[in-house]
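Peer 1: Pasting in a structure now, in structure tokens, and then I'll have a few things to ask.
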Amino acid sequence: MSILIDRSTRVVVQGITGREGSFHTEQMQAYGTNVVAGVVPGRGGATHLGVPVFDTVSDAVVATGADCAFIIVPPPFAADAIMEAAAASVPLAVCVTEGVPVHDMIRARAVIDASSTRLVGPNCPGLLTAGECKVGFIPNHVARPGKVGVVARSGTLTYEVIQGLSQAGHGQTTAVGIGGDPVLGLTFTDVLDLFREDDATRAVVMVGEIGGSDEEAAAELIAAGYPKPVVAFISGRTAPPGKRMGHAGAIISGNTGTAQSKIDALTAAGAVIGDTIEDVVRLVGERVGAPSGR
Amino acid sequence: MSILIDRSTRVVVQGITGREGSFHTEQMQAYGTNVVAGVVPGRGGATHLGVPVFDTVSDAVVATGADCAFIIVPPPFAADAIMEAAAASVPLAVCVTEGVPVHDMIRARAVIDASSTRLVGPNCPGLLTAGECKVGFIPNHVARPGKVGVVARSGTLTYEVIQGLSQAGHGQTTAVGIGGDPVLGLTFTDVLDLFREDDATRAVVMVGEIGGSDEEAAAELIAAGYPKPVVAFISGRTAPPGKRMGHAGAIISGNTGTAQSKIDALTAAGAVIGDTIEDVVRLVGERVGAPSGR
Amino acid sequence: MKLLEYQAKQQFAKAGITIPAGRLARTAEEAEAAARELGRVAVKAQVPVGGRGKAGGIAVVDTPEQARAEAGRILAMDIKGYPVRSVWCETGLDVAHELYCGVTLDRDRRRMVLMLSGAGGMDIEQVAETRPEMIAKLWPDPFRGPQAYEIRQLAFTALRAVPALADRTGRLASALVPLVQTLYRLAVSLDAVTCEINPLVITASGDLVAADGKLEVDENAEYRHRDLAAELAVDALGDDGASGDDPFEVEAKRRGLTYVHLDGDVGCIGNGAGLVMNTLDLVKAAGGEPANFLDIGGGARADVVRNALDMVLSDPKVRGVFINIFGGITRGDEVARGIIQARDELGITKPLVVRMTGTREEEGRELLREAGIVPGVSAVDAARQIVELTRQGE
Amino acid sequence: MKLLEYQAKQQFAKAGITIPAGRLARTAEEAEAAARELGRVAVKAQVPVGGRGKAGGIAVVDTPEQARAEAGRILAMDIKGYPVRSVWCETGLDVAHELYCGVTLDRDRRRMVLMLSGAGGMDIEQVAETRPEMIAKLWPDPFRGPQAYEIRQLAFTALRAVPALADRTGRLASALVPLVQTLYRLAVSLDAVTCEINPLVITASGDLVAADGKLEVDENAEYRHRDLAAELAVDALGDDGASGDDPFEVEAKRRGLTYVHLDGDVGCIGNGAGLVMNTLDLVKAAGGEPANFLDIGGGARADVVRNALDMVLSDPKVRGVFINIFGGITRGDEVARGIIQARDELGITKPLVVRMTGTREEEGRELLREAGIVPGVSAVDAARQIVELTRQGE
């Protein structure tokens, strides 16, 4: 069991012939992801990395039954690619593009909200169901199958947490990097809701960071009665207030959004906080029991 | 029984203090319509024609429970007034304004489609449930209660038909003037669907005119099995092709939209066509039986 | 409000759509000067109707002298009732292929429809009828407008039907995205009911150029485009203040009346388009011939009625006038006052038949009776009456 | 990209929002000339931070001589680290009341929020905290934008809270409709994350005038506003090419790097903001003090890494650099090549600790090893190592 993607997921890659698109499609294929199509306007009819290329997402879906769009296109085209996936009723769209203008994302998000499509990202590493499927660029060898769900805003910290868990013998169900942009698709609460319904997931690791109030929203959800242990980690504790730390979202505004406010909210809600990634791994171990043998 | 409005309908008038707004509100009150509020931005707190005036529709609805908006404002403000009624979740909005720009109506119609509000109009005479309630400006003394439903594009022809029916002793349930603009709210098919469900309505008179294809759509609905007799009248038979006859909609385009194409479609569908209004009255009489006593 | 070709093209150019270089000429001398500047040009009659090419209103010339001669010839023409007041002198294009691209109102969908075809040019209407699959259509959400992916989809659908374009479909689809978005935005910003480029030329060098344009603005929205209307008025009316339209209709437009001139002798006035159309039908059924259609609209006041009567009687063929009023928003007493005032001030002696019912009918009838005009109640009877009265004079 | 007050106002004026008459002055003489032209003016320091009034950066003067003197004084100031490079000399307004009107990004709603308050002026942030009901909010549909009725509703909500405005609420609500729509459209067309007028002055004669403005453009969208950025660059940098910002951060921006200057001595580079923030946390936990935050981002190639190392080492306080790479979209071998090239070409002798894992980690580690740099795997260990190495030099 897992959430969002598994070995039956059929992936169409929007931007498959680009440098990054090609490289990460190969990595995904190497992981076992079932990539069934690519989309590059004007390249319809070609074959790339062994899969057929189409002019439009709609063509690709009709021809291949793709049910997940991996969007790896330059920033000016990202919102349009998201809307195209939604218009083709692709159930899941994963956009890893960094630097998408926020007004573009506001519009894309409104389209997503009015559609049947779920969006992960943008500016995220994508997601991975251990041993089955990855969509995005979480490194291939860090995850191992198990019982821990992971949801994280920061891309590279997602990898750190997965690696830490795996090294300690705590495998994962699905790891979702939701991205750190101010306007994005699935949020912590959305992913926590999905993990709630997934029987295979016994505990959830949540990696937040300063800025915004999505962690606080997650705390509310947990406080309302969440059936699984949540171990949280908040990065950016040493960030000076008001300094911009690269993520557009990571701006401390008003008196919410600080690392401390997030830690306080989550602690009050019943989540446990790891001060370091080692801490997180230890706390998970205490909750899911001894690691499964390797 | 009736459709859309009856004696329990609570009307808010958008534009109540204008010359036309005042006059027709009085006419509606004289007919027995329960006008509960007016809306004029900046006049909130005043009283006009015995009803409280509010700054916004939302305020009026909260304070008075209005469930029908009568919109009688100048053309540049009509689409905004319709959207305001829809945002306040008023179940029925009736816009009589003539000369609303078509792009305004395209946007307003999209908002209506995404809302729970039904729209009648614009550029229409409104509607009237005989002896109970009128919203718009169908003349007060032409209708009498009975069993015939009326739906018409042209305003003044609506009155002619109602008067003709009444004079022959065939009273009406509800008469709806849908208006002749190219982009509008309820169409013939929508109103026919409503009359279908109204037990009191035994026959429907439909008054179409040249232009567009709403009459043809109604013919399709009738052909698919309509449980009540439909008597139709199409005006504009002598109109020269391609000449503009005042209604933006009344332009003959392509090989549909002519009086003959509409008559043919309706006849084939099983409706009967009256060549004159006298004809229409006679045909109704043949279908609903002897007139009820006066 | 229909723009002329050159006016539509100026709107395109202002919005960023490429058009061929051109100059407007109102005289043969101006056309000669334009050709001297531009070289080989097409001299095109500026009239607000189609079919001018087949009517001889377009000439391709090689020299300034030819331009002068042809412009002189064309400026003396009258195309479908429209005298040619100006010609547009435009450099030719090296045409590789012709597309069609247009935005127009789709009544059935209650939206604007975007249409794109690989079979552009003069025969597009025939294509629409015989090979509708050659025209790809898109109905954009009115708030979102056409998105890039939708336009690409539209382009792929339209262009796949044209094998000759197979090798450049991708490039064309990309190039069409900004062009179509611009055209759609232009249509919305100008309140256009029709805004089209036909042909949209693909030149030998691969550029997209609007070789002809049609633009019609919604009359209900003219108040938002007063500048454009003013500019048009100058061009459409020329020096003598008249246009190619029926002079009665021009006069009616000047007076702000909704009027259509017809061939008969019975003047017809009513309130509401449907009622007036029915009035015409009734006059015909009674054996008469309507002289016009005139709708005074809803809520018309006395001065509008007077204006309308004056207009109808300006046609010398008119032998009498049938005024058919069913008051709804229009009030009987107001109309009656207008009729009486007009009769007295204009000294009308021709027969007037007034049918009056509806809102304030009692007050209106009373006023008419006091003034010696017998008001009718039945439209059918009133129609018979006016036909009889006008026949008497024969 | 933050615009200065006068730049924001120029955008407002271009969009059709009224601003007070004003002139920009870069010297005391220019300010004097401006005052001679405009009469009584406020001389306002142009710096991209708030609180300049309290800092003495605004002076109201009656004569050109005073303008010269005050401009001279203000142009010599430094406000919160920003030297004043220009002053905006602006005529005063006859203020009847001050409103607040702003558009800004609301992360929680994933939309822009429109805010309107009857309590405008310097204390709006305090109002937001202590009397939030005084600020009316609207979250327009991003495609539809704010509709007239929504803005009127917003206005009535905001203005009812101000008894002093009771007699003109209706007129104000009407006047605010076009102003707010213009402001919102401006924000969207400029990709603004913040676009506000505070105070929005109601003058004694009842006009609405934007007395101060704030405009910040989304950095991700700067590619769509190159003209604006170019204009800004001239103004922000002045003649000597420097700005009031931290010089290291200015240099980093010039190099296109995401860099924040801090007080410590351990240089920190990583890929991804979260990872770098955690890297800082790890260095602190190990007893060190980070000298900076530098995120090379996702998919960074070798030249970016070289550029980053050069940047970090330009700070003479830096005693060593911790490079923390967890490859996802970033590939280990690319980063390794950049590190080696930078070390060799820049002749780096200070300690370098590289932690490398993730995508292409094997290839990357191999390259590092070959070049004599020992790659670490654990971030915690690597952090301890760099802190130890930099402490050794003390």
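To be explicit about the labels: the chains of the structure tokens are called A, B, and onward in the order shown, and within each one the residues are counted from 1, while ligands get numbers from 1 in the order they are shown.
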Taking only C-alpha atoms into account, report as a tab-separated table (two decimals) with C-alpha atoms, in the first residue's frame which residues of chain C lie within 10 Å of chain A.

Peer 2:
```
chain	number	residue	atom	x	y	z
C	144	ARG	CA	-9.68	32.73	-18.37
C	147	GLN	CA	-4.76	29.24	-22.65
C	148	ALA	CA	-1.59	28.42	-24.57
C	149	TYR	CA	-2.23	24.67	-24.41
C	150	GLU	CA	-5.75	25.14	-25.75
C	152	ARG	CA	-1.80	24.56	-29.44
C	153	GLN	CA	-4.46	21.85	-29.34
C	156	PHE	CA	-2.71	20.79	-34.09
C	166	ALA	CA	3.04	18.57	-41.85
C	167	ASP	CA	6.71	19.57	-41.58
C	168	ARG	CA	6.03	22.83	-39.75
C	169	THR	CA	3.01	22.04	-37.59
C	170	GLY	CA	4.99	22.38	-34.36
C	171	ARG	CA	6.53	25.72	-35.27
C	172	LEU	CA	3.18	27.05	-36.48
C	173	ALA	CA	1.40	25.91	-33.32
C	174	SER	CA	3.96	27.81	-31.23
```

Peer 1: Check which residues of chain D sit at most 12 Å from chain C using only C-alpha atoms, and return one row each with the closest pair of atoms and their distance in Å to one decimal, ordered by chain and rising number, as JSON lines.

Peer 2:
```
{"residue": "D:Asp141", "atom": "CA", "partner": "C:Phe143", "partner_atom": "CA", "distance": 9.7}
{"residue": "D:Pro142", "atom": "CA", "partner": "C:Arg144", "partner_atom": "CA", "distance": 8.9}
{"residue": "D:Phe143", "atom": "CA", "partner": "C:Phe143", "partner_atom": "CA", "distance": 5.4}
{"residue": "D:Arg144", "atom": "CA", "partner": "C:Phe143", "partner_atom": "CA", "distance": 5.4}
{"residue": "D:Gly145", "atom": "CA", "partner": "C:Phe143", "partner_atom": "CA", "distance": 8.7}
{"residue": "D:Pro146", "atom": "CA", "partner": "C:Phe143", "partner_atom": "CA", "distance": 11.7}
{"residue": "D:Gln147", "atom": "CA", "partner": "C:Phe143", "partner_atom": "CA", "distance": 11.8}
```

Peer 1: Just the selected residues (N, CA, C and O atoms), exported as a short mmCIF file (atom, residue, chain, number, x, y, z; two decimals), in the first residue's frame, please.

Peer 2:
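The resulting out_39.cif:
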```
data_model
loop_
_atom_site.label_atom_id
_atom_site.label_comp_id
_atom_site.auth_asym_id
_atom_site.auth_seq_id
_atom_site.Cartn_x
_atom_site.Cartn_y
_atom_site.Cartn_z
N ASP D 141 -11.41 36.11 -7.32
CA ASP D 141 -11.10 35.00 -8.21
C ASP D 141 -10.00 35.48 -9.16
O ASP D 141 -10.12 36.55 -9.75
N PRO D 142 -8.91 34.70 -9.31
CA PRO D 142 -7.77 35.22 -10.08
C PRO D 142 -8.08 35.45 -11.55
O PRO D 142 -7.41 36.26 -12.19
N PHE D 143 -9.04 34.77 -12.10
CA PHE D 143 -9.38 35.02 -13.50
C PHE D 143 -10.39 36.15 -13.63
O PHE D 143 -10.29 36.97 -14.53
N ARG D 144 -11.36 36.18 -12.74
CA ARG D 144 -12.40 37.21 -12.85
C ARG D 144 -11.90 38.56 -12.39
O ARG D 144 -12.32 39.59 -12.91
N GLY D 145 -11.00 38.57 -11.41
CA GLY D 145 -10.60 39.84 -10.80
C GLY D 145 -11.74 40.36 -9.95
O GLY D 145 -12.83 39.79 -9.94
N PRO D 146 -11.49 41.45 -9.21
CA PRO D 146 -12.56 41.96 -8.35
C PRO D 146 -13.66 42.61 -9.17
O PRO D 146 -13.39 43.45 -10.02
N GLN D 147 -14.89 42.21 -8.94
CA GLN D 147 -16.03 42.79 -9.62
C GLN D 147 -16.47 44.06 -8.88
O GLN D 147 -16.22 44.21 -7.69
#
```

Peer 1: Considering only C-alpha atoms, can you say which of A:Thr174, A:Ser166, A:Thr47, A:Ser235 comes closest to A:Leu192?

Peer 2: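 Nearest to A:Leu192: A:Thr174.
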
Peer 1: For D:Asp333, list every protein, DNA or RNA residue within 8 Å, evaluated using only C-alpha atoms, and leave out those in the same chain fewer than 5 positions away; present the list as a list in words.

Peer 2: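 Surrounding residues, per the criterion: Arg360, Glu361, Glu363, Gly364, Arg365 and Leu367 of chain D.
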
Peer 1: Give me, please, the distance in Å between atom CA of B:Lys147 and atom CA of B:Ile5, quoted to one decimal.

Peer 2: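 Straight-line distance from atom CA of B:Lys147 to atom CA of B:Ile5 works out to 15.5 Å.
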
Peer 1: Please determine, counting only C-alpha atoms, which residue among A:Pro122, A:Ile222, A:Ile273, A:Ala114 has the shortest atom-to-atom distance to chain B.

Peer 2: A:Ala114

Peer 1: Write down as a ChimeraX atom specification the residues of stretch 217-359 of chain D whose backbone DSSP state falls under helix (DSSP H, G or I).

Peer 2: /D:219-224,226-237,247-255,273-285,302-313,332-346

Peer 1: Generate a file of the selected residues that holds C-alpha atoms, formatted as an mmCIF file, in the first residue's frame.

Peer 2:
```
data_model
loop_
_atom_site.group_PDB
_atom_site.id
_atom_site.type_symbol
_atom_site.label_atom_id
_atom_site.label_comp_id
_atom_site.auth_asym_id
_atom_site.auth_seq_id
_atom_site.Cartn_x
_atom_site.Cartn_y
_atom_site.Cartn_z
ATOM 1 C CA GLU D 219 11.408 37.810 -8.400
ATOM 2 C CA ASN D 220 10.331 34.717 -10.322
ATOM 3 C CA ALA D 221 8.546 36.985 -12.776
ATOM 4 C CA GLU D 222 11.309 39.522 -13.309
ATOM 5 C CA TYR D 223 11.923 38.054 -16.749
ATOM 6 C CA ARG D 224 8.565 39.526 -17.766
ATOM 7 C CA ARG D 226 13.024 43.546 -17.824
ATOM 8 C CA ASP D 227 12.316 47.192 -18.684
ATOM 9 C CA LEU D 228 11.208 47.921 -15.169
ATOM 10 C CA ALA D 229 14.196 46.094 -13.700
ATOM 11 C CA ALA D 230 16.582 48.017 -15.933
ATOM 12 C CA GLU D 231 15.022 51.339 -14.937
ATOM 13 C CA LEU D 232 15.225 50.324 -11.303
ATOM 14 C CA ALA D 233 18.823 49.263 -11.552
ATOM 15 C CA VAL D 234 19.809 52.765 -12.647
ATOM 16 C CA ASP D 235 17.937 54.347 -9.793
ATOM 17 C CA ALA D 236 18.849 51.923 -7.080
ATOM 18 C CA LEU D 237 22.501 51.855 -7.850
ATOM 19 C CA PRO D 247 27.870 44.758 -0.351
ATOM 20 C CA PHE D 248 28.297 40.969 -0.318
ATOM 21 C CA GLU D 249 24.603 40.525 -1.038
ATOM 22 C CA VAL D 250 24.754 43.095 -3.824
ATOM 23 C CA GLU D 251 27.642 41.202 -5.362
ATOM 24 C CA ALA D 252 25.789 37.902 -4.959
ATOM 25 C CA LYS D 253 22.748 39.359 -6.656
ATOM 26 C CA ARG D 254 24.927 40.561 -9.500
ATOM 27 C CA ARG D 255 26.243 37.022 -9.810
ATOM 28 C CA ALA D 273 16.969 26.120 0.706
ATOM 29 C CA GLY D 274 15.842 23.579 3.298
ATOM 30 C CA LEU D 275 19.135 21.738 3.139
ATOM 31 C CA VAL D 276 21.136 24.939 3.471
ATOM 32 C CA MET D 277 19.015 26.086 6.390
ATOM 33 C CA ASN D 278 19.648 22.726 7.995
ATOM 34 C CA THR D 279 23.329 23.046 7.174
ATOM 35 C CA LEU D 280 23.387 26.322 9.099
ATOM 36 C CA ASP D 281 21.597 24.625 11.985
ATOM 37 C CA LEU D 282 24.146 21.779 11.933
ATOM 38 C CA VAL D 283 27.113 24.161 11.930
ATOM 39 C CA LYS D 284 25.609 26.026 14.883
ATOM 40 C CA ALA D 285 24.887 22.768 16.705
ATOM 41 C CA ALA D 302 29.734 23.100 -12.384
ATOM 42 C CA ASP D 303 30.092 26.805 -13.236
ATOM 43 C CA VAL D 304 27.442 27.733 -10.651
ATOM 44 C CA VAL D 305 29.364 25.873 -7.970
ATOM 45 C CA ARG D 306 32.550 27.663 -8.907
ATOM 46 C CA ASN D 307 30.746 30.998 -8.846
ATOM 47 C CA ALA D 308 29.327 30.172 -5.396
ATOM 48 C CA LEU D 309 32.690 29.197 -3.898
ATOM 49 C CA ASP D 310 34.276 32.356 -5.255
ATOM 50 C CA MET D 311 31.443 34.386 -3.721
ATOM 51 C CA VAL D 312 31.646 32.817 -0.263
ATOM 52 C CA LEU D 313 35.415 33.203 -0.130
ATOM 53 C CA GLY D 332 27.031 14.801 -7.820
ATOM 54 C CA ASP D 333 29.548 14.606 -10.662
ATOM 55 C CA GLU D 334 28.675 18.095 -11.902
ATOM 56 C CA VAL D 335 29.100 19.581 -8.457
ATOM 57 C CA ALA D 336 32.397 17.754 -7.932
ATOM 58 C CA ARG D 337 33.771 19.123 -11.182
ATOM 59 C CA GLY D 338 32.826 22.638 -10.130
ATOM 60 C CA ILE D 339 34.501 22.275 -6.732
ATOM 61 C CA ILE D 340 37.718 20.937 -8.195
ATOM 62 C CA GLN D 341 37.836 23.555 -10.921
ATOM 63 C CA ALA D 342 37.174 26.348 -8.446
ATOM 64 C CA ARG D 343 39.817 25.112 -6.018
ATOM 65 C CA ASP D 344 42.424 24.864 -8.750
ATOM 66 C CA GLU D 345 41.651 28.055 -10.621
ATOM 67 C CA LEU D 346 41.016 30.214 -7.567
#
```

Peer 1: What lies within 8 Å of A:Met206 using only C-alpha atoms, ignoring chain neighbours under 6 positions off, as a PyMOL selection string?

Peer 2: chain A and resi 150-152+188+230-233

Peer 1: Please write the residues from the selection above to a file, keeping N, CA and C atoms, as an mmCIF file, in the first residue's frame.

Peer 2:
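As written to disk, part-v9.cif reads:
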```
data_model
loop_
_atom_site.group_PDB
_atom_site.id
_atom_site.type_symbol
_atom_site.label_atom_id
_atom_site.label_comp_id
_atom_site.auth_asym_id
_atom_site.auth_seq_id
_atom_site.Cartn_x
_atom_site.Cartn_y
_atom_site.Cartn_z
ATOM 1 N N VAL A 150 6.395 9.952 4.552
ATOM 2 C CA VAL A 150 7.200 11.167 4.683
ATOM 3 C C VAL A 150 6.548 12.272 3.854
ATOM 4 N N VAL A 151 6.430 13.451 4.463
ATOM 5 C CA VAL A 151 5.959 14.608 3.705
ATOM 6 C C VAL A 151 6.838 15.795 4.093
ATOM 7 N N ALA A 152 7.331 16.523 3.069
ATOM 8 C CA ALA A 152 8.338 17.544 3.344
ATOM 9 C C ALA A 152 8.196 18.706 2.385
ATOM 10 N N PHE A 188 0.578 20.079 3.534
ATOM 11 C CA PHE A 188 0.766 19.094 4.599
ATOM 12 C C PHE A 188 -0.549 18.420 4.981
ATOM 13 N N VAL A 230 2.924 11.381 14.573
ATOM 14 C CA VAL A 230 3.567 12.301 13.639
ATOM 15 C C VAL A 230 4.851 12.819 14.288
ATOM 16 N N VAL A 231 5.966 12.628 13.594
ATOM 17 C CA VAL A 231 7.253 13.163 14.057
ATOM 18 C C VAL A 231 7.609 14.311 13.116
ATOM 19 N N ALA A 232 7.837 15.477 13.694
ATOM 20 C CA ALA A 232 8.063 16.648 12.855
ATOM 21 C C ALA A 232 9.456 17.217 13.030
ATOM 22 N N PHE A 233 9.938 17.828 11.980
ATOM 23 C CA PHE A 233 11.227 18.507 11.990
ATOM 24 C C PHE A 233 11.008 19.844 11.299
#
```

Peer 1: Can you pull out every residue within 9 Å of A:Met28, counting only C-alpha atoms, but drop anything in the same chain fewer than 3 positions away, and send it as a CSV table (one decimal) with all heavy atoms, in the first residue's frame?

Peer 2:
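Result file out36.csv:
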```csv
chain,number,residue,atom,x,y,z
A,23,PHE,N,17.2,13.2,-18.6
A,23,PHE,CA,17.9,12.6,-17.5
A,23,PHE,C,17.1,11.9,-16.4
A,23,PHE,O,17.2,10.8,-16.1
A,23,PHE,CB,18.9,13.6,-16.9
A,23,PHE,CG,19.7,13.1,-15.8
A,23,PHE,CD1,20.8,12.3,-16.0
A,23,PHE,CD2,19.4,13.3,-14.4
A,23,PHE,CE1,21.6,11.8,-15.0
A,23,PHE,CE2,20.1,12.8,-13.4
A,23,PHE,CZ,21.2,12.0,-13.7
A,24,HIS,N,16.1,12.7,-16.0
A,24,HIS,CA,15.3,12.2,-14.9
A,24,HIS,C,14.2,11.2,-15.3
A,24,HIS,O,13.8,10.4,-14.5
A,24,HIS,CB,14.6,13.4,-14.1
A,24,HIS,CG,15.7,14.1,-13.3
A,24,HIS,ND1,16.3,13.6,-12.2
A,24,HIS,CD2,16.3,15.3,-13.6
A,24,HIS,CE1,17.2,14.5,-11.8
A,24,HIS,NE2,17.2,15.5,-12.6
A,25,THR,N,13.8,11.2,-16.6
A,25,THR,CA,13.0,10.2,-17.1
A,25,THR,C,13.8,8.8,-17.0
A,25,THR,O,13.3,7.8,-16.6
A,25,THR,CB,12.5,10.5,-18.5
A,25,THR,OG1,11.8,11.6,-18.5
A,25,THR,CG2,11.7,9.3,-19.1
A,31,TYR,N,14.3,3.3,-11.8
A,31,TYR,CA,13.7,3.0,-10.5
A,31,TYR,C,12.5,2.0,-10.7
A,31,TYR,O,12.1,1.4,-9.8
A,31,TYR,CB,13.2,4.3,-9.8
A,31,TYR,CG,12.9,4.0,-8.4
A,31,TYR,CD1,14.0,3.9,-7.5
A,31,TYR,CD2,11.6,3.9,-7.9
A,31,TYR,CE1,13.8,3.6,-6.1
A,31,TYR,CE2,11.4,3.7,-6.5
A,31,TYR,CZ,12.5,3.6,-5.7
A,31,TYR,OH,12.2,3.3,-4.3
A,32,GLY,N,12.1,1.9,-11.9
A,32,GLY,CA,10.9,1.0,-12.2
A,32,GLY,C,9.6,1.7,-12.5
A,32,GLY,O,8.6,1.1,-12.7
A,33,THR,N,9.7,3.0,-12.6
A,33,THR,CA,8.5,3.8,-12.9
A,33,THR,C,8.0,3.4,-14.4
A,33,THR,O,8.8,3.3,-15.3
A,33,THR,CB,8.8,5.3,-12.9
A,33,THR,OG1,9.2,5.6,-11.5
A,33,THR,CG2,7.5,6.1,-13.2
A,34,ASN,N,6.7,3.2,-14.5
A,34,ASN,CA,6.2,2.9,-15.8
A,34,ASN,C,5.9,4.2,-16.6
A,34,ASN,O,4.8,4.7,-16.6
A,34,ASN,CB,4.9,2.1,-15.6
A,34,ASN,CG,4.3,1.6,-16.9
A,34,ASN,OD1,5.0,1.6,-17.9
A,34,ASN,ND2,3.1,1.1,-16.8
A,35,VAL,N,6.9,4.7,-17.3
A,35,VAL,CA,6.7,5.8,-18.1
A,35,VAL,C,6.1,5.4,-19.4
A,35,VAL,O,6.7,4.6,-20.1
A,35,VAL,CB,8.1,6.6,-18.3
A,35,VAL,CG1,7.9,7.8,-19.3
A,35,VAL,CG2,8.7,7.0,-17.0
A,133,CYS,N,7.7,3.0,-7.4
A,133,CYS,CA,7.5,4.1,-8.4
A,133,CYS,C,8.1,5.4,-7.9
A,133,CYS,O,7.9,5.7,-6.7
A,133,CYS,CB,6.0,4.2,-8.7
A,133,CYS,SG,5.6,5.5,-9.9
A,134,LYS,N,8.8,6.1,-8.8
A,134,LYS,CA,9.1,7.5,-8.4
A,134,LYS,C,8.7,8.4,-9.5
A,134,LYS,O,8.9,8.1,-10.7
A,134,LYS,CB,10.5,7.6,-7.9
A,134,LYS,CG,11.5,8.0,-9.0
A,134,LYS,CD,12.8,8.6,-8.4
A,134,LYS,CE,13.7,9.0,-9.5
A,134,LYS,NZ,15.0,9.6,-9.1
A,135,VAL,N,8.2,9.6,-9.1
A,135,VAL,CA,7.9,10.6,-10.1
A,135,VAL,C,8.5,11.9,-9.6
A,135,VAL,O,8.1,12.4,-8.5
A,135,VAL,CB,6.4,10.9,-10.2
A,135,VAL,CG1,6.0,12.0,-11.2
A,135,VAL,CG2,5.7,9.6,-10.7
A,136,GLY,N,9.6,12.3,-10.2
A,136,GLY,CA,10.4,13.4,-9.7
A,136,GLY,C,11.8,13.0,-9.6
A,136,GLY,O,12.3,12.2,-10.3
A,137,PHE,N,12.6,13.7,-8.7
A,137,PHE,CA,14.0,13.3,-8.6
A,137,PHE,C,14.5,13.0,-7.2
A,137,PHE,O,15.7,13.4,-6.9
A,137,PHE,CB,14.8,14.3,-9.4
A,137,PHE,CG,14.4,15.7,-9.3
A,137,PHE,CD1,14.4,16.4,-8.0
A,137,PHE,CD2,13.9,16.4,-10.4
A,137,PHE,CE1,14.1,17.7,-8.0
A,137,PHE,CE2,13.6,17.7,-10.3
A,137,PHE,CZ,13.6,18.4,-9.1
A,140,ASN,N,17.5,7.7,-6.4
A,140,ASN,CA,17.0,6.3,-6.5
A,140,ASN,C,17.3,5.4,-5.3
A,140,ASN,O,16.6,4.5,-5.0
A,140,ASN,CB,17.5,5.7,-7.8
A,140,ASN,CG,16.7,6.1,-9.0
A,140,ASN,OD1,15.8,6.9,-8.9
A,140,ASN,ND2,17.1,5.6,-10.1
```

Peer 1: Measure the distance from atom CA of B:Asp264 to atom CA of C:Val127 in Å and round it to one decimal.

Peer 2: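 Between atom CA of B:Asp264 and atom CA of C:Val127 the gap works out to 26.1 Å.
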
Peer 1: Determine, using only C-alpha atoms, which residues of stretch 63-177 of chain A have any atom at most 6 Å from an atom of stretch 11-16 of chain A, and tabulate each with its shortest atom pair and distance in Å to one decimal place, rows ordered by chain and then rising number, as JSON lines.

Peer 2:
```
{"residue": "A:Ala66", "atom": "CA", "partner": "A:Val11", "partner_atom": "CA", "distance": 5.5}
{"residue": "A:Cys68", "atom": "CA", "partner": "A:Val11", "partner_atom": "CA", "distance": 4.8}
{"residue": "A:Ala69", "atom": "CA", "partner": "A:Val12", "partner_atom": "CA", "distance": 4.9}
{"residue": "A:Phe70", "atom": "CA", "partner": "A:Val13", "partner_atom": "CA", "distance": 4.7}
{"residue": "A:Ile71", "atom": "CA", "partner": "A:Gln14", "partner_atom": "CA", "distance": 4.8}
{"residue": "A:Ile72", "atom": "CA", "partner": "A:Gly15", "partner_atom": "CA", "distance": 5.5}
{"residue": "A:Val73", "atom": "CA", "partner": "A:Gly15", "partner_atom": "CA", "distance": 5.3}
```

Peer 1: Which residues are close to D:Cys101, i.e. within 10 Å by only C-alpha atoms, leaving aside same-chain residues fewer than 4 positions away? Reply as a ChimeraX atom specification.

Peer 2: /D:114-120,135-136,176,179-180,183,195-200,210,213

Peer 1: Which residues are close to A:Ser154, i.e. within 10 Å by only C-alpha atoms, leaving aside same-chain residues fewer than 5 positions away? Reply as a list in words.

Peer 2: Asn123, Cys124, Pro125, Tyr159, Gly177, Ile178, Gly179, Gly180, Asp181, Val207, Gly208, Glu209, Ser235 and His247 of chain A; Gly272, Ala273, Gly274, Leu275, Val276 and Met277 of chain D
